[in-house]
Amino acid sequence: MRISNEPEALTAGLTVEEQRRLADEVMRKQVALSIRVAVVFLILLLGLPLFNFLLPDLAGTILSGFTLTWLLLGILFYPLTWFLSGYFIRESDRIESELVSEHREG
Amino acid sequence: MEFIPLLFVFAVIVATVGLGMAATAKAKSASDFFVAGRQVSVFMNASAISGEYLSAASFMGVAGLVMKHGYDALWYPVGYAVGYLFLLLFIAGPLRRFGAYTIPDFAEGRFDSPLFRKIAVSYVVAIGLFYTMPQMKGAGVTMNTILGWPYWVGIVVVGGVITFNVAVGGMKGITLVQAFQYWMKAFAIAAPVFILMAVFGGYDSNLDRLAAQPKDAPTFAGDITLKYPGKDKAPSNVLSVSPIGETRLTFPKGGEIERITTVRKPEAGEDPAIFSPDLPDRGRIDEGTVVSLTSIPVTKGGMPVEKGGNPVTTAPRIEFAAPTEVAFRQGDRIPNAQNNGKWIEPYGTLTSKYGYPLLYTYSLIIALVCGTAGLPHILVRFYTNPDGRAAKRTTLLVMVLIGAFYLFTPIWGTLGRNHIPELLANNKTDAVVIALPKMLENKVLGQVLSGITAAGAFAAFMSTFSGLLVSMSGAFAHDIYGKILKPSATPNERLNAFKVAAIVVGVASMGLGLLVETFDIALLVGWAFAIAAASYFPLLLLGAWWRGLTMPGAAAGMLIGGTASLGAIITFMLIDKKVLTFPVDPLVKGLLEQPAIWGVPLALVLMFVVSAATRSQVPTDIDLKMLRLHAPEELGHSRNYIDEGIAH
């Protein structure tokens with residue numbers, strides 16, 4: 001059981017300046033993707049209450065037994081998050097593979 | 001045939017203990033106990049996380065809440081499920097890569113501060129205990145509802161079985177048990193629904209029936225006598241008479257009234273409403289009293305009050321002082337039920353109660369989404385993934401598993417409202433998943449299905465409680481004992497500390513469970529989510545992504561955000577239970593009940609401001625830490641905190 005701050009693996013050969021550049025690059029690429037997916041998700045999640053509030057008649061339209069808004073919140077919201085997660089994981093794997101192939105030999 | 005559900009409950013207890021013991025035979029090293037040796041597959045881990053997450057609140061509470069409040073309650077399951085997307089986008093991968101195994105590990109490692117570890121540990125225990133109480137209460141109430149056991153027996157049985165299981169098997173034991181319990185719960189919530197829909201009509205046709213008659217409300221299918229509790233069980237002692245038609249109440253054994261008010265909040269200057277001369281405003285009701293109640297016009301100085309040309313009316317709201325039996329007749333509207341239109345449309349009784357429905361909805365969403373991403377007993381499971389990529393895949397699979405589960409819970413609520421609406425009359429909607437199957441013509445089939453859902457409910461308290469117990473015992477053994485009390489402890493000593501802590505925490509949880517019989521389950525769960533959303537969530541989010549976060553900044557935001565939210569909820573509760581009696585604006589009351597909309601930003605802003613003021617305390621190797629958090633494992637920056645298990 002230990003907490004280690006000693007230089008490891010790749011960073012052993014890196015100067016402080018190089019560490020910073022690498023960290024910047026890694027984080028920038030990852031966070032850009034996370035924020036992109038989060039924005040789409042938040043617009044949908046936070047938009048639905050507003051949609052219900054501003055357009056109650058449209059939200060109450062009956063589609064095969066369900067009101068539109070019940071269909072959206074009670075059923076379709078779950079597959080939507082699955083889709084967004086799947087997209088995020090695919091893209092995040094791609095970004096990470098690129099990072100690995102760029103820096104492994106470095 | 002009442003014995004059938006008991007057989008199912010017994011079977012699920014036996015399976016839980018049996019699986020736990022079988023897995024224990026394999027749990028040898030300390031790392032098996034703490035993190036299951038990091039050899040848990042994505043499928044197994046996702047099943048276990050889902051099994052752990054779907055608690056009494058999800059299995060019974062969501063269906064009951066949908067039955068009572070309709071559309072508004074759909075935000076609960078959606079919030080519980082989509083919180084994982086935030087966890088996936090910002091927290092799951094980095095946390096696993098950092099190699100720490102608990103949030104206190106992360107707190108110390110990220111800021112190089114043993115002091116901060118001690119602060120962070122307190123929240124694992126606080127959130128854990130608050131989350132434990134409603135599980136214990138759910139166990140006691142369910143066993144009381146389905147089998148007639150006294151409240152404390154359910155708590156001792158559930159608490160005892162799980163404490164034993166965790167103490168002997170640790171994390172390894174419960175991974176398998178919880179994976180099993182997810183599938184048990186998924187089967188129990190889904191399979192009976194198909195049989196019930198074949199008899200009672202589909203999801204769509206049941207909703208359509210409600211949408212077609214928006215002005216109507218559910219009625220009693222036959223004459224029925226219901227029990228209302230006394231004021232010590234507030235707010236379950238309330239009988240709000242339906243504003244539609246006439247309701248006849250008979251008090252076969254008499255009773256006692258605390259007070260009578262109106263369903264519609266009176267405005268200044270309006271005359272007091274008098275509903276029936278036969279009903280006392282306060283005190284004893286004579287045996288055999290019969291009263292007929294309807295809505296009456298609201299008057300001001302003797303003149304009828306009008307709104308938009310229509311007379312304003314209001315119905316009586318009775319609060320009982322002592323347990324009282326009330327007999328209703330067939331065809332009367334059921335008390336405490338909103339009309340169909342309000343139920344099926346957004347902004348009904350749940351979100352509109354303080355007059356700010358959008359604010360309430362947003363605050364609820366923030367609490368559930370951010371709270372999910374900050375629950376320590378869930379986060380601890382992400383360390384059992386072999387790497388960051390597996391952690392992300394696990395999160396996706398968790399979302400699929402719990403989303404599939406939550407698709408079914410509103411069907412129970414919808415069918416329940418149409419086919420067993422009398423549960424609405426005396427606040428028994430939490431029992432809908434167990435009570436609805438008994439409405440089938442075929443009594444044997446009804447008892448079997450009810451047994452399946454009772455077993456699912458049992459699996460729900462057991463799995464969540466065991467997860468909480470592991471996380472709290474782990475915090476004691478790993479953080480308080482292993483890091484603070486005796487840093488030189490050997491792995492075996494730590495293992496024993498874990499077992500002792502599991503027993504102590506298990507017994508303490510049972511004791512707390514006995515104390516909270518009169519508190520609302522939803523309120524108690526809300527405490528846990530509110531503290532997590534305003535404490536750990538900001539810590540993890542900024543800690544993983546913002547280099548500038550300092551220890552004082554993180555500590556200030558976490559402590560003040562979490563404590564202020566907790567304080568708000570306790571204040572709300574004391575006002576609601578009439579312990580505090582000063583007048584409160586409805587807007588303030590709403591913000592006290594749902595504090596996330598200000599609590600989470602408060603914590604984030606404090607973290608930014610205090611960190612900016614203490615800039616010199618940013619760790620010098622912050623870039624190394626950021627690489628450890630975010631760089632793919634192949635680049636070799638990740639660390640494992642627990643090395644001794646691998647050395648075994």
# chains A, B, ... in the order shown; residues from 1 in each chain; ligands from 1
$ interface_residues --of "chain B" --to "chain A" --cutoff "8 Å" --atoms "only C-alpha atoms" --output "ChimeraX atom specification"
/B:71,74-75,78,81-82,85-86,88-90,109,204-205,207-208,345-346,358,361-362,389,392-393,396,399-400,403-404,407,410,545,623-624,626-627,630-632,634-637,641-644
$ write_last_selection --atoms "C-alpha atoms" --output "compact mmCIF listing (two decimals), in the first residue's frame"
# COMPACT_ATOMS: atom_id res chain seq x y z
CA TYR B 71 -45.84 12.31 -15.53
CA LEU B 74 -41.04 10.05 -14.61
CA TRP B 75 -38.17 12.44 -13.88
CA VAL B 78 -34.81 9.20 -15.91
CA ALA B 81 -30.47 6.48 -15.16
CA VAL B 82 -28.99 9.43 -17.05
CA LEU B 85 -23.93 9.57 -18.66
CA PHE B 86 -22.29 12.39 -16.69
CA LEU B 88 -19.17 8.33 -18.12
CA LEU B 89 -18.30 11.64 -19.79
CA PHE B 90 -16.33 13.20 -16.97
CA GLY B 109 -3.57 11.57 -4.06
CA ASP B 204 -50.77 2.47 -24.26
CA SER B 205 -54.45 1.60 -23.76
CA LEU B 207 -52.70 5.68 -20.61
CA ASP B 208 -55.17 6.39 -23.39
CA GLU B 345 -49.72 16.06 -18.05
CA PRO B 346 -46.49 17.70 -16.85
CA LEU B 358 -40.07 24.71 -13.69
CA THR B 361 -38.26 20.25 -12.00
CA TYR B 362 -34.81 21.64 -12.77
CA ARG B 389 -11.54 1.66 -21.12
CA LYS B 392 -16.25 3.30 -19.71
CA ARG B 393 -17.72 0.14 -21.23
CA LEU B 396 -22.51 2.05 -20.90
CA MET B 399 -27.02 2.49 -18.47
CA VAL B 400 -28.55 -0.20 -20.68
CA GLY B 403 -32.61 1.91 -18.35
CA ALA B 404 -34.28 -1.35 -19.36
CA LEU B 407 -38.81 1.33 -18.68
CA PRO B 410 -44.01 3.46 -14.90
CA TRP B 545 -10.38 18.38 -15.10
CA ASP B 623 0.81 17.80 -14.89
CA LEU B 624 1.95 14.37 -13.84
CA MET B 626 -3.31 15.06 -14.98
CA LEU B 627 -1.45 12.56 -17.15
CA HIS B 630 -6.28 11.13 -18.49
CA ALA B 631 -3.52 9.43 -20.49
CA PRO B 632 -4.36 5.98 -21.88
CA GLU B 634 -0.50 2.19 -22.68
CA LEU B 635 1.46 5.37 -22.03
CA GLY B 636 2.25 4.09 -18.54
CA HIS B 637 1.08 6.82 -16.20
CA TYR B 641 -2.98 1.94 -5.06
CA ILE B 642 -3.44 -1.56 -3.79
CA ASP B 643 -0.32 -3.51 -4.54
CA GLU B 644 -0.31 -6.12 -1.83
$ atom_distance --atom1 "CA of Thr314 in chain B" --atom2 "CA of Ser295 in chain B"
5.0 Å
$ select_by_dssp --residues "chain A" --states "strand (DSSP E or B)" --output "JSON, numbers by chain"
{"A": [62, 63, 66, 67]}
$ write_last_selection --atoms "C-alpha atoms" --output "PDB file, in the first residue's frame"
ATOM      1  CA  ILE A  62     -51.505  11.581 -28.581  1.00  0.00           C
ATOM      2  CA  LEU A  63     -49.296   9.164 -30.519  1.00  0.00           C
ATOM      3  CA  PHE A  66     -49.055   7.855 -25.420  1.00  0.00           C
ATOM      4  CA  THR A  67     -48.813  11.614 -25.125  1.00  0.00           C
TER       5      THR A  67
END
$ atom_distance --atom1 "CA of Ala234 in chain B" --atom2 "CA of Gly451 in chain B"
29.5 Å
$ closest_residue --among "B:Thr614, B:Thr372, B:Thr453, B:Gln338" --to "Thr409 in chain B" --atoms "only C-alpha atoms"
B:Thr453
$ closest_atom_pairs --of "range 431-467 of chain B" --to "range 61-65 of chain B" --cutoff "9 Å" --atoms "only C-alpha atoms" --output "CSV"
residue,atom,partner,partner_atom,distance
B:Ala431,CA,B:Gly64,CA,7.0
B:Val432,CA,B:Gly64,CA,6.0
B:Val433,CA,B:Ala63,CA,7.1
$ residues_around --residues "Ala555 in chain B" --least-positions-apart "2" --cutoff "9 Å" --atoms "only C-alpha atoms" --output "list in words"
Phe116, Ile119, Ala120, Ser535, Leu539, Thr550, Met551, Pro552, Gly553, Gly557, Met558, Leu559, Ile560 and Met607 of chain B
$ select_by_dssp --residues "chain A" --states "alpha helix (DSSP H)" --output "ChimeraX atom specification"
/A:16-54,56-59,68-70,77-103
$ decode --residues "range 374-506 of chain B" --atoms "C-alpha atoms" --output "CSV table (one decimal), in the first residue's frame"
chain,number,residue,atom,x,y,z
B,374,GLY,CA,-21.1,11.4,-6.7
B,375,LEU,CA,-22.4,8.3,-4.8
B,376,PRO,CA,-19.4,6.7,-3.1
B,377,HIS,CA,-20.8,3.2,-2.9
B,378,ILE,CA,-21.3,3.2,-6.7
B,379,LEU,CA,-17.9,4.9,-7.5
B,380,VAL,CA,-16.0,2.4,-5.5
B,381,ARG,CA,-17.1,-0.2,-8.0
B,382,PHE,CA,-15.4,1.5,-10.9
B,383,TYR,CA,-12.0,0.6,-9.4
B,384,THR,CA,-12.9,-3.1,-9.9
B,385,ASN,CA,-12.5,-2.5,-13.7
B,386,PRO,CA,-9.1,-3.6,-15.1
B,387,ASP,CA,-8.6,-0.2,-16.9
B,388,GLY,CA,-10.1,3.1,-17.9
B,389,ARG,CA,-11.5,1.7,-21.1
B,390,ALA,CA,-13.3,-1.2,-19.3
B,391,ALA,CA,-14.6,1.4,-16.8
B,392,LYS,CA,-16.2,3.3,-19.7
B,393,ARG,CA,-17.7,0.1,-21.2
B,394,THR,CA,-19.0,-0.9,-17.8
B,395,THR,CA,-20.8,2.5,-17.5
B,396,LEU,CA,-22.5,2.1,-20.9
B,397,LEU,CA,-23.7,-1.4,-20.0
B,398,VAL,CA,-25.0,-0.1,-16.6
B,399,MET,CA,-27.0,2.5,-18.5
B,400,VAL,CA,-28.6,-0.2,-20.7
B,401,LEU,CA,-29.3,-2.5,-17.8
B,402,ILE,CA,-30.9,0.1,-15.5
B,403,GLY,CA,-32.6,1.9,-18.3
B,404,ALA,CA,-34.3,-1.4,-19.4
B,405,PHE,CA,-35.4,-1.8,-15.8
B,406,TYR,CA,-36.8,1.7,-15.5
B,407,LEU,CA,-38.8,1.3,-18.7
B,408,PHE,CA,-41.0,-1.1,-16.7
B,409,THR,CA,-41.6,0.8,-13.5
B,410,PRO,CA,-44.0,3.5,-14.9
B,411,ILE,CA,-46.1,0.6,-16.4
B,412,TRP,CA,-46.7,-0.6,-12.8
B,413,GLY,CA,-47.7,2.9,-11.8
B,414,THR,CA,-50.1,3.3,-14.7
B,415,LEU,CA,-51.8,-0.1,-14.4
B,416,GLY,CA,-51.9,0.5,-10.6
B,417,ARG,CA,-53.8,3.8,-11.0
B,418,ASN,CA,-56.4,2.1,-13.2
B,419,HIS,CA,-56.8,-1.2,-11.4
B,420,ILE,CA,-56.0,-0.8,-7.7
B,421,PRO,CA,-56.6,2.9,-7.2
B,422,GLU,CA,-57.6,2.5,-3.6
B,423,LEU,CA,-53.9,2.5,-2.7
B,424,LEU,CA,-54.0,6.2,-3.4
B,425,ALA,CA,-56.6,6.8,-0.7
B,426,ASN,CA,-54.3,6.1,2.3
B,427,ASN,CA,-50.8,6.6,0.9
B,428,LYS,CA,-50.0,3.0,0.2
B,429,THR,CA,-48.8,3.5,-3.4
B,430,ASP,CA,-45.3,2.2,-2.4
B,431,ALA,CA,-46.8,-1.2,-2.2
B,432,VAL,CA,-48.2,-1.2,-5.8
B,433,VAL,CA,-45.7,-3.7,-7.2
B,434,ILE,CA,-46.7,-6.2,-4.5
B,435,ALA,CA,-50.4,-5.4,-4.3
B,436,LEU,CA,-51.4,-5.2,-8.0
B,437,PRO,CA,-50.8,-8.9,-9.0
B,438,LYS,CA,-53.3,-9.9,-6.2
B,439,MET,CA,-56.1,-8.1,-8.2
B,440,LEU,CA,-56.0,-11.0,-10.8
B,441,GLU,CA,-59.0,-13.3,-10.9
B,442,ASN,CA,-56.7,-16.3,-10.7
B,443,LYS,CA,-55.7,-16.1,-7.0
B,444,VAL,CA,-52.9,-18.6,-7.2
B,445,LEU,CA,-51.3,-16.8,-10.2
B,446,GLY,CA,-51.8,-13.5,-8.3
B,447,GLN,CA,-50.0,-14.8,-5.2
B,448,VAL,CA,-47.1,-16.2,-7.3
B,449,LEU,CA,-46.6,-13.0,-9.2
B,450,SER,CA,-46.8,-11.1,-5.9
B,451,GLY,CA,-44.2,-13.4,-4.5
B,452,ILE,CA,-41.9,-12.7,-7.5
B,453,THR,CA,-42.2,-8.9,-6.9
B,454,ALA,CA,-41.8,-9.3,-3.1
B,455,ALA,CA,-38.6,-11.3,-3.8
B,456,GLY,CA,-37.4,-8.5,-6.2
B,457,ALA,CA,-38.1,-5.9,-3.5
B,458,PHE,CA,-36.1,-8.0,-1.1
B,459,ALA,CA,-33.2,-8.2,-3.5
B,460,ALA,CA,-33.4,-4.5,-3.8
B,461,PHE,CA,-32.9,-3.6,-0.2
B,462,MET,CA,-30.3,-6.4,0.3
B,463,SER,CA,-28.1,-5.4,-2.7
B,464,THR,CA,-28.1,-1.7,-2.0
B,465,PHE,CA,-27.5,-2.2,1.7
B,466,SER,CA,-24.6,-4.6,1.1
B,467,GLY,CA,-23.0,-2.1,-1.3
B,468,LEU,CA,-23.3,0.7,1.2
B,469,LEU,CA,-21.9,-1.6,3.9
B,470,VAL,CA,-18.9,-2.5,1.8
B,471,SER,CA,-18.2,1.1,1.0
B,472,MET,CA,-18.6,2.3,4.6
B,473,SER,CA,-16.6,-0.7,6.0
B,474,GLY,CA,-13.9,-0.1,3.4
B,475,ALA,CA,-13.7,3.5,4.4
B,476,PHE,CA,-13.1,2.5,8.0
B,477,ALA,CA,-10.7,-0.3,7.3
B,478,HIS,CA,-8.8,1.3,4.5
B,479,ASP,CA,-8.9,5.0,5.4
B,480,ILE,CA,-9.5,5.4,9.1
B,481,TYR,CA,-7.8,2.3,10.4
B,482,GLY,CA,-5.2,1.7,7.6
B,483,LYS,CA,-4.2,5.3,7.0
B,484,ILE,CA,-5.0,7.2,10.2
B,485,LEU,CA,-5.1,4.8,13.2
B,486,LYS,CA,-2.5,2.2,12.3
B,487,PRO,CA,-0.6,3.0,9.1
B,488,SER,CA,1.7,0.0,9.7
B,489,ALA,CA,-1.2,-2.5,9.7
B,490,THR,CA,-0.6,-5.7,7.7
B,491,PRO,CA,-3.0,-6.7,5.0
B,492,ASN,CA,-4.5,-9.3,7.4
B,493,GLU,CA,-5.0,-6.7,10.1
B,494,ARG,CA,-6.8,-4.5,7.6
B,495,LEU,CA,-8.9,-7.5,6.6
B,496,ASN,CA,-10.0,-8.1,10.2
B,497,ALA,CA,-10.7,-4.3,10.6
B,498,PHE,CA,-12.9,-4.6,7.6
B,499,LYS,CA,-14.9,-7.5,9.1
B,500,VAL,CA,-15.3,-5.7,12.5
B,501,ALA,CA,-16.3,-2.5,10.8
B,502,ALA,CA,-18.9,-4.4,8.7
B,503,ILE,CA,-20.5,-5.7,11.8
B,504,VAL,CA,-20.4,-2.4,13.7
B,505,VAL,CA,-21.8,-0.4,10.7
B,506,GLY,CA,-24.4,-3.1,10.0
